[in-house]
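**Q** Input file: data24.txt. Contents: compact mmCIF, C-alpha atoms.
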```txt
# COMPACT_ATOMS: atom_id res chain seq x y z
CA MET A 30 16.72 -17.82 13.26
CA THR A 31 12.98 -17.88 12.63
CA TYR A 32 9.98 -16.90 14.70
CA ALA A 33 6.23 -17.32 14.30
CA GLY A 34 3.73 -16.30 16.94
CA LYS A 35 0.36 -14.79 17.61
CA ILE A 36 -0.97 -12.18 19.99
CA PRO A 37 -4.70 -11.55 20.48
CA TRP A 38 -5.04 -9.30 17.43
CA LEU A 39 -1.90 -9.90 15.35
CA ASN A 40 -0.03 -12.75 13.64
CA LEU A 41 3.72 -12.24 13.62
CA ALA A 42 6.53 -13.95 11.69
CA GLY A 43 10.18 -13.18 11.19
CA GLU A 44 13.55 -14.57 10.25
CA TYR A 45 17.16 -13.43 10.57
CA ALA A 46 20.34 -14.81 9.02
CA ARG A 47 23.97 -13.84 9.55
CA GLU A 48 26.84 -14.73 7.23
CA PHE A 49 30.62 -14.72 7.59
CA GLY A 50 33.20 -15.64 4.98
CA LYS A 51 36.93 -15.51 4.30
CA GLY A 52 38.95 -16.13 1.18
CA SER A 53 39.57 -14.69 -2.27
CA VAL A 54 37.08 -11.88 -2.85
CA THR A 55 37.20 -9.71 -6.03
CA GLY A 56 40.56 -11.34 -6.75
CA GLN A 57 42.09 -10.41 -3.38
CA SER A 58 42.23 -12.02 0.04
CA GLY A 59 39.51 -10.64 2.31
CA THR A 60 36.47 -11.30 4.43
CA ILE A 61 32.70 -10.99 3.95
CA GLN A 62 30.11 -10.11 6.54
CA GLY A 63 26.39 -9.77 5.93
CA GLN A 64 22.90 -10.21 7.24
CA ASN A 65 19.39 -10.84 5.92
CA TYR A 66 16.20 -10.10 7.79
CA ARG A 67 12.47 -10.29 7.18
CA ALA A 68 9.44 -9.57 9.37
CA SER A 69 5.71 -9.63 8.69
CA ALA A 70 2.54 -8.85 10.59
CA GLN A 71 -1.04 -9.76 9.67
CA HIS A 72 -4.37 -8.78 11.16
CA GLY A 73 -7.95 -9.61 10.23
CA THR A 74 -9.72 -12.39 8.34
CA ALA A 75 -10.71 -12.99 4.74
CA ASP A 76 -14.38 -12.22 5.53
CA ARG A 77 -13.49 -8.78 6.90
CA LEU A 78 -10.67 -6.32 6.38
CA GLN A 79 -7.30 -8.03 6.31
CA PHE A 80 -4.08 -6.04 6.80
CA GLU A 81 -0.58 -7.28 6.09
CA VAL A 82 2.79 -5.52 6.43
CA THR A 83 6.20 -6.92 5.46
CA VAL A 84 9.69 -5.52 5.97
CA HIS A 85 12.83 -7.13 4.56
CA GLY A 86 16.40 -6.15 3.82
CA THR A 87 19.97 -7.27 3.25
CA ASP A 88 23.41 -5.89 4.14
CA GLN A 89 26.76 -7.15 2.90
CA SER A 90 30.29 -5.79 3.31
CA ILE A 91 33.54 -6.98 1.76
CA TYR A 92 36.78 -6.07 3.51
CA ASN A 93 39.98 -6.13 1.45
CA ALA A 94 42.13 -3.68 -0.55
CA GLN A 95 38.98 -2.69 -2.48
CA PRO A 96 36.20 -2.62 0.14
CA VAL A 97 32.65 -2.91 -1.17
CA SER A 98 29.31 -2.72 0.60
CA ASN A 99 25.72 -2.98 -0.57
CA ARG A 100 22.44 -2.53 1.24
CA SER A 101 18.80 -2.94 0.36
CA PHE A 102 15.63 -2.28 2.30
CA ALA A 103 12.00 -2.68 1.31
CA THR A 104 8.62 -2.50 2.97
CA GLU A 105 5.23 -3.57 1.61
CA ALA A 106 1.66 -3.31 2.88
CA SER A 107 -1.71 -4.49 1.60
CA VAL A 108 -5.39 -4.39 2.54
CA ALA A 109 -7.89 -7.03 1.38
CA ARG A 110 -11.62 -7.39 1.79
CA ARG A 111 -14.28 -9.75 0.49
CA VAL A 112 -16.79 -7.64 -1.48
CA TYR A 113 -19.28 -10.05 -3.07
CA GLY A 114 -19.67 -13.81 -2.98
CA GLY A 115 -16.22 -15.30 -3.43
CA PHE A 116 -14.70 -12.08 -4.83
CA SER A 117 -12.10 -10.18 -2.82
CA VAL A 118 -10.29 -6.93 -3.58
CA ARG A 119 -6.68 -6.36 -2.55
CA VAL A 120 -4.88 -3.02 -2.66
CA GLY A 121 -1.26 -2.59 -1.69
CA GLY A 122 2.08 -1.03 -2.37
CA GLY A 123 5.63 -0.78 -1.19
CA TRP A 124 8.81 1.26 -1.11
CA GLN A 125 12.37 0.08 -1.63
CA ARG A 126 15.84 1.60 -1.42
CA GLY A 127 19.27 0.23 -2.27
CA SER A 128 22.88 1.36 -2.40
CA PHE A 129 26.21 0.09 -3.70
CA VAL A 130 29.39 1.70 -2.36
CA ASN A 131 33.07 1.09 -3.10
CA THR A 132 36.22 3.17 -2.79
CA ALA A 133 35.41 5.33 -5.81
CA ASN A 134 31.65 5.26 -6.41
CA GLU A 135 28.33 5.30 -4.63
CA PHE A 136 25.22 4.24 -6.53
CA GLN A 137 21.75 4.59 -5.04
CA THR A 138 18.28 3.67 -6.19
CA SER A 139 14.84 4.06 -4.66
CA GLY A 140 11.27 3.62 -5.82
CA TYR A 141 7.79 2.42 -5.10
CA THR A 142 5.38 -0.29 -6.22
CA ALA A 143 1.59 -0.10 -6.31
CA ARG A 144 -0.69 -3.13 -6.75
CA PHE A 145 -4.39 -3.77 -7.24
CA GLY A 146 -6.02 -7.16 -7.52
CA ILE A 147 -9.33 -8.99 -7.72
CA GLU A 148 -9.25 -12.52 -6.30
CA HIS A 149 -11.69 -15.40 -6.68
CA PRO A 150 -11.21 -19.18 -6.49
CA ARG A 151 -11.73 -19.31 -10.28
CA LEU A 152 -10.41 -15.88 -11.34
CA GLN A 153 -7.42 -13.76 -10.37
CA LEU A 154 -6.64 -10.37 -11.90
CA THR A 155 -3.76 -8.17 -10.76
CA MET A 156 -2.25 -4.87 -11.87
CA ALA A 157 1.12 -3.51 -10.75
CA LEU A 158 2.94 -0.21 -11.25
CA ASP A 159 6.67 0.20 -10.56
CA ASP A 160 8.57 3.47 -10.45
CA SER A 161 12.21 3.97 -9.46
CA LEU A 162 14.84 6.70 -9.58
CA SER A 163 18.59 6.23 -9.35
CA ASN A 164 21.91 7.90 -10.05
CA SER A 165 23.28 4.98 -12.03
CA LEU A 166 22.34 2.46 -14.67
CA PRO A 167 19.52 0.14 -13.45
CA PHE A 168 21.59 -3.01 -14.11
CA PHE A 169 23.91 -2.08 -11.24
CA SER A 170 21.09 -2.73 -8.74
CA GLN A 171 20.60 -6.19 -10.24
CA LEU A 172 24.28 -6.98 -9.60
CA LEU A 173 24.36 -5.95 -5.95
CA GLY A 174 24.57 -9.56 -4.86
CA ASN A 175 27.55 -10.25 -7.17
CA ILE A 176 30.71 -9.73 -5.14
CA GLY A 177 32.79 -9.47 -8.31
CA VAL A 178 31.31 -6.15 -9.39
CA GLY A 179 33.56 -4.02 -7.18
CA SER A 180 36.68 -4.99 -9.11
CA ILE A 181 35.39 -3.28 -12.27
CA LEU A 182 34.20 -0.11 -10.55
CA ILE A 183 37.42 0.97 -8.85
CA THR A 184 37.61 4.29 -10.75
CA PRO A 185 35.13 7.18 -10.40
CA LEU A 186 32.29 6.99 -12.91
CA GLN A 187 30.08 9.76 -14.20
CA VAL A 188 26.81 10.03 -12.27
CA ILE A 189 23.92 9.44 -14.69
CA PRO A 190 20.37 10.17 -13.48
CA SER A 191 18.06 7.34 -14.44
CA ASP A 192 14.37 6.60 -14.08
CA TYR A 193 12.48 3.37 -14.68
CA ARG A 194 8.70 2.92 -14.93
CA ALA A 195 6.78 -0.26 -15.63
CA MET A 196 3.17 -1.43 -15.67
CA SER A 197 1.93 -5.01 -15.79
CA PHE A 198 -1.34 -6.97 -15.85
CA THR A 199 -1.81 -10.62 -14.95
CA LEU A 200 -4.91 -12.74 -15.52
CA HIS A 201 -5.55 -16.34 -14.53
CA SER A 202 -8.86 -18.15 -14.86
CA ASN A 203 -9.93 -21.77 -14.43
CA ALA A 204 -13.66 -21.37 -15.11
CA LEU A 205 -13.70 -24.90 -16.55
CA ARG A 206 -12.44 -27.78 -14.44
CA LYS A 207 -9.72 -28.98 -16.82
CA LEU A 208 -9.05 -25.80 -18.81
CA GLU A 209 -7.09 -22.76 -17.60
CA LEU A 210 -6.48 -19.39 -19.23
CA SER A 211 -3.45 -17.30 -18.32
CA ALA A 212 -2.29 -13.95 -19.68
CA PHE A 213 0.52 -11.56 -18.83
CA TRP A 214 1.30 -8.10 -20.25
CA THR A 215 4.00 -5.65 -19.25
CA ARG A 216 5.37 -2.37 -20.57
CA SER A 217 8.48 -0.67 -19.23
CA ARG A 218 10.37 2.48 -20.15
CA GLN A 219 13.76 3.67 -18.98
CA HIS A 220 15.35 7.10 -19.38
CA LEU A 221 19.01 8.02 -18.94
CA ALA A 222 19.68 11.73 -18.37
CA GLY A 223 16.14 12.40 -19.59
CA ILE A 224 16.59 10.54 -22.90
CA LEU A 225 14.57 7.40 -23.68
CA ASN A 226 16.99 4.49 -23.54
CA ASN A 227 14.84 1.35 -23.46
CA ASP A 228 11.19 0.76 -24.33
CA PHE A 229 10.05 -2.84 -23.82
CA GLU A 230 6.66 -4.55 -24.17
CA LEU A 231 5.75 -8.22 -23.66
CA LEU A 232 2.48 -10.13 -24.08
CA ASN A 233 2.06 -13.82 -23.24
CA ILE A 234 -1.30 -15.62 -23.51
CA TYR A 235 -1.74 -19.38 -23.17
CA LEU A 236 -4.33 -22.07 -22.55
CA THR A 237 -3.64 -25.15 -20.44
CA TYR A 238 -5.70 -28.36 -20.69
CA HIS A 239 -5.25 -31.12 -18.12
CA PHE A 240 -5.88 -34.68 -19.31
CA ARG A 241 -5.00 -37.22 -16.66
CA ARG A 242 -1.22 -36.82 -16.20
CA ILE A 243 -0.76 -35.00 -19.49
CA GLN A 244 -0.74 -31.20 -19.64
CA LEU A 245 -1.32 -29.54 -23.03
CA GLU A 246 -0.39 -25.87 -23.47
CA ALA A 247 -1.04 -23.64 -26.47
CA GLY A 248 0.00 -20.03 -26.41
CA PHE A 249 1.16 -16.86 -28.12
CA ILE A 250 4.12 -14.63 -27.18
CA ARG A 251 4.79 -11.18 -28.57
CA SER A 252 7.67 -8.91 -27.55
CA ASN A 253 8.68 -5.51 -28.86
CA GLN A 254 11.76 -3.55 -27.81
CA ILE A 255 13.29 -0.23 -28.78
CA PHE A 256 16.84 0.13 -27.43
CA LEU A 257 18.76 3.38 -27.99
CA ASP A 258 19.11 3.99 -31.74
CA TYR A 259 18.92 0.33 -32.73
CA PRO A 260 16.11 -0.83 -35.04
CA THR A 261 12.91 -2.01 -33.41
CA THR A 262 13.07 -5.66 -32.37
CA LEU A 263 9.73 -7.44 -32.79
CA ARG A 264 9.25 -11.14 -32.07
CA GLU A 265 6.06 -13.21 -32.29
CA ARG A 266 5.64 -16.91 -31.66
CA PHE A 267 2.84 -19.44 -31.39
CA TYR A 268 3.74 -22.55 -29.45
CA LEU A 269 2.37 -25.90 -28.36
CA ARG A 270 3.79 -27.69 -25.34
CA ILE A 271 3.07 -31.20 -24.03
CA VAL A 272 4.08 -31.99 -20.47
CA ARG A 273 3.90 -35.42 -18.85
CA SER A 274 4.84 -35.65 -15.19
CA THR A 275 6.34 -38.84 -13.81
CA ARG A 276 7.73 -40.06 -10.53
CA LEU A 277 11.24 -41.50 -10.65
CA LEU A 278 11.61 -42.69 -7.07
```
Represent the structure from my file as structure tokens, please.

**A**
Amino acid sequence: MTYAGKIPWLNLAGEYAREFGKGSVTGQSGTIQGQNYRASAQHGTADRLQFEVTVHGTDQSIYNAQPVSNRSFATEASVARRVYGGFSVRVGGGWQRGSFVNTANEFQTSGYTARFGIEHPRLQLTMALDDSLSNSLPFFSQLLGNIGVGSILITPLQVIPSDYRAMSFTLHSNALRKLELSAFWTRSRQHLAGILNNDFELLNIYLTYHFRRIQLEAGFIRSNQIFLDYPTTLRERFYLRIVRSTRLL
């Protein structure tokens, strides 16, 4: 179900989905029930202050000999205002929380995101900061949507405190009509039980030139990762890409 409407001072939008399933789940006969929901509200115009709030979440439960459930909830808000000419400033952030529960374990994670951006028709610059705390390895939260995870977590596991922090910058500019400049940098660090476990850094810079239906890209990628006690992994690459779009039908 979806909804979009407007009251005198607020634009509203929302959607809700319900799911039911039956069959072989985690190797056993069972059923699945879940729901997804999302709602947003916006007030103001681009020339003045503009507020936007979004709430979204998911719930899923598996019922069989090894019941599993996972939940996630997140809310985000931002404020934007035009400051000079075509330049606008946007500030925002959000909070998220998730959990994964089966017969033997309960993993939880929560954190926040902060964003700052400068927007212009020919220039966009954004900065983001992510911070999360959990009592399990971060990759468990990435597998919440995989219904096969419960079958490998049927025994109690040691609770490991974990923290994850990341910062990223994104730049996009099309100052010239046919030439675009894009750049992305991110740095993330993860600790397990207070010990540095993963230190990752990525830089990607590329130019794009549009010539009729041909798109030429030239760029540079550099990644550096330190994982546990393994040697530092450093990769650098220059690349040239030619893209030609075509219509088949």

**Q** Which residues, written as a ChimeraX atom specification, have at least one atom at most 10 Å from Arg194 in chain A, with all atoms listed in the file counted and residues fewer than 5 positions away on the same chain left out?

**A** /A:140-142,158-162,216-220,228

**Q** With distances taken over only C-alpha atoms, which of A:Arg111, A:Thr132, A:Tyr92, A:Thr237 is nearest to Lys51 in chain A?

**A**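 Smallest distance to Lys51 in chain A is found for A:Tyr92.
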
**Q** Which neighbours of Thr87 in chain A fall inside 8 Å, counting only C-alpha atoms, when residues of the same chain fewer than 3 positions from it are skipped, and could you give them as a short mmCIF file (atom, residue, chain, number, x, y, z; two decimals) with C-alpha atoms, in the frame of the given file?

**A**
```cif
data_model
loop_
_atom_site.label_atom_id
_atom_site.label_comp_id
_atom_site.auth_asym_id
_atom_site.auth_seq_id
_atom_site.Cartn_x
_atom_site.Cartn_y
_atom_site.Cartn_z
CA GLY A 63 26.39 -9.77 5.93
CA GLN A 64 22.90 -10.21 7.24
CA ASN A 65 19.39 -10.84 5.92
CA TYR A 66 16.20 -10.10 7.79
CA ARG A 100 22.44 -2.53 1.24
CA SER A 101 18.80 -2.94 0.36
CA PHE A 102 15.63 -2.28 2.30
#
```

**Q** What does the distance between CA of Ser53 in chain A and CA of Ala94 in chain A come to in Å, to one decimal place?

**A**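 So the answer is 11.4 Å.
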
**Q** Would you list the residues near (-7.7, -2.1, 4.3), meaning any protein, DNA or RNA residue with an atom at most 8 Å from that point in file coordinates, counting all atoms listed in the file, as JSON, numbers by chain?

**A** {"A": [78, 79, 80, 107, 108, 109, 110, 120]}

**Q** Using C-alpha atoms, can you export the residues from the last selection as a tab-separated table (two decimals), keeping the file's coordinate frame?

**A**
```tsv
chain	number	residue	atom	x	y	z
A	78	LEU	CA	-10.67	-6.32	6.38
A	79	GLN	CA	-7.30	-8.03	6.31
A	80	PHE	CA	-4.08	-6.04	6.80
A	107	SER	CA	-1.71	-4.49	1.60
A	108	VAL	CA	-5.39	-4.39	2.54
A	109	ALA	CA	-7.89	-7.03	1.38
A	110	ARG	CA	-11.62	-7.39	1.79
A	120	VAL	CA	-4.88	-3.02	-2.66
```

**Q** Could you give me the axis-aligned bounding box of range 119-123 of chain A, with 8 Å of padding per side, as centre plus edge lengths in Å to one decimal, as JSON?

**A**
```
{"center_x": -0.5, "center_y": -3.6, "center_z": -1.9, "size_x": 28.3, "size_y": 21.6, "size_z": 17.5}
```

**Q** Taking into account all atoms listed in the file, which residue in the set A:Thr155, A:Ser69, A:Ser197, A:Ser163 is nearest to Val118 in chain A?

**A**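 Ranked by minimum distance to Val118 in chain A, first place goes to A:Thr155.
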
**Q** Neighbours of Trp38 in chain A within 12 Å (only C-alpha atoms; same-chain residues fewer than 6 positions away dropped), as a PDB file with C-alpha atoms, keeping the file's coordinate frame?

**A**
```pdb
ATOM      1  CA  ALA A  70       2.540  -8.850  10.590  1.00  0.00           C
ATOM      2  CA  GLN A  71      -1.040  -9.760   9.670  1.00  0.00           C
ATOM      3  CA  HIS A  72      -4.370  -8.780  11.160  1.00  0.00           C
ATOM      4  CA  GLY A  73      -7.950  -9.610  10.230  1.00  0.00           C
ATOM      5  CA  THR A  74      -9.720 -12.390   8.340  1.00  0.00           C
ATOM      6  CA  GLN A  79      -7.300  -8.030   6.310  1.00  0.00           C
ATOM      7  CA  PHE A  80      -4.080  -6.040   6.800  1.00  0.00           C
TER       8      PHE A  80
END
```

**Q** Using only C-alpha atoms, determine which residues lie at most 9 Å from range 265-267 of chain A, disregarding the query and same-chain residues fewer than 3 positions distant; provide the list as a VMD selection string.

**A** chain A and resid 247 to 253

**Q** Using only C-alpha atoms, which protein or nucleic acid residues come within 8 Å of Thr31 in chain A? Drop anything in the same chain fewer than 5 positions from it, and give the result as a PyMOL selection string.

**A** chain A and resi 42-45

**Q** Work out how far CA of Phe116 in chain A is from CA of Leu210 in chain A, in Å to one decimal.

**A** 18.1 Å

**Q** Pick out the closest residue to Glu48 in chain A from this set: A:Ile234, A:Phe240, A:Ser90, A:Ala68. Count all atoms listed in the file.

**A**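 Ranking A:Ile234, A:Phe240, A:Ser90, A:Ala68 by distance to Glu48 in chain A, first place goes to A:Ser90.
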
**Q** Which distance in Å separates CA of Arg77 in chain A and CA of His201 in chain A, to one decimal?

**A** 24.1 Å

**Q** Taking all atoms listed in the file into account, name the residue in A:Val97, A:Arg242, A:Asn40, A:Glu81 that is nearest to Gly59 in chain A.

**A** A:Val97

**Q** So which residues are close to (24.8, -2.6, 2.9), meaning at most 6 Å away in the file's coordinates with all atoms listed in the file counted, and can you show them as a list in words?

**A**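 Every residue inside that radius is included here: Asp88, Gln89, Ser98, Asn99 and Arg100 of chain A.
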
**Q** Which is closer to Arg273 in chain A than all the others in A:Leu257, A:Leu236, A:Met196, A:Ile243, using all atoms listed in the file?

**A**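 Looking at the shortest contact to Arg273 in chain A, the residue is A:Ile243.
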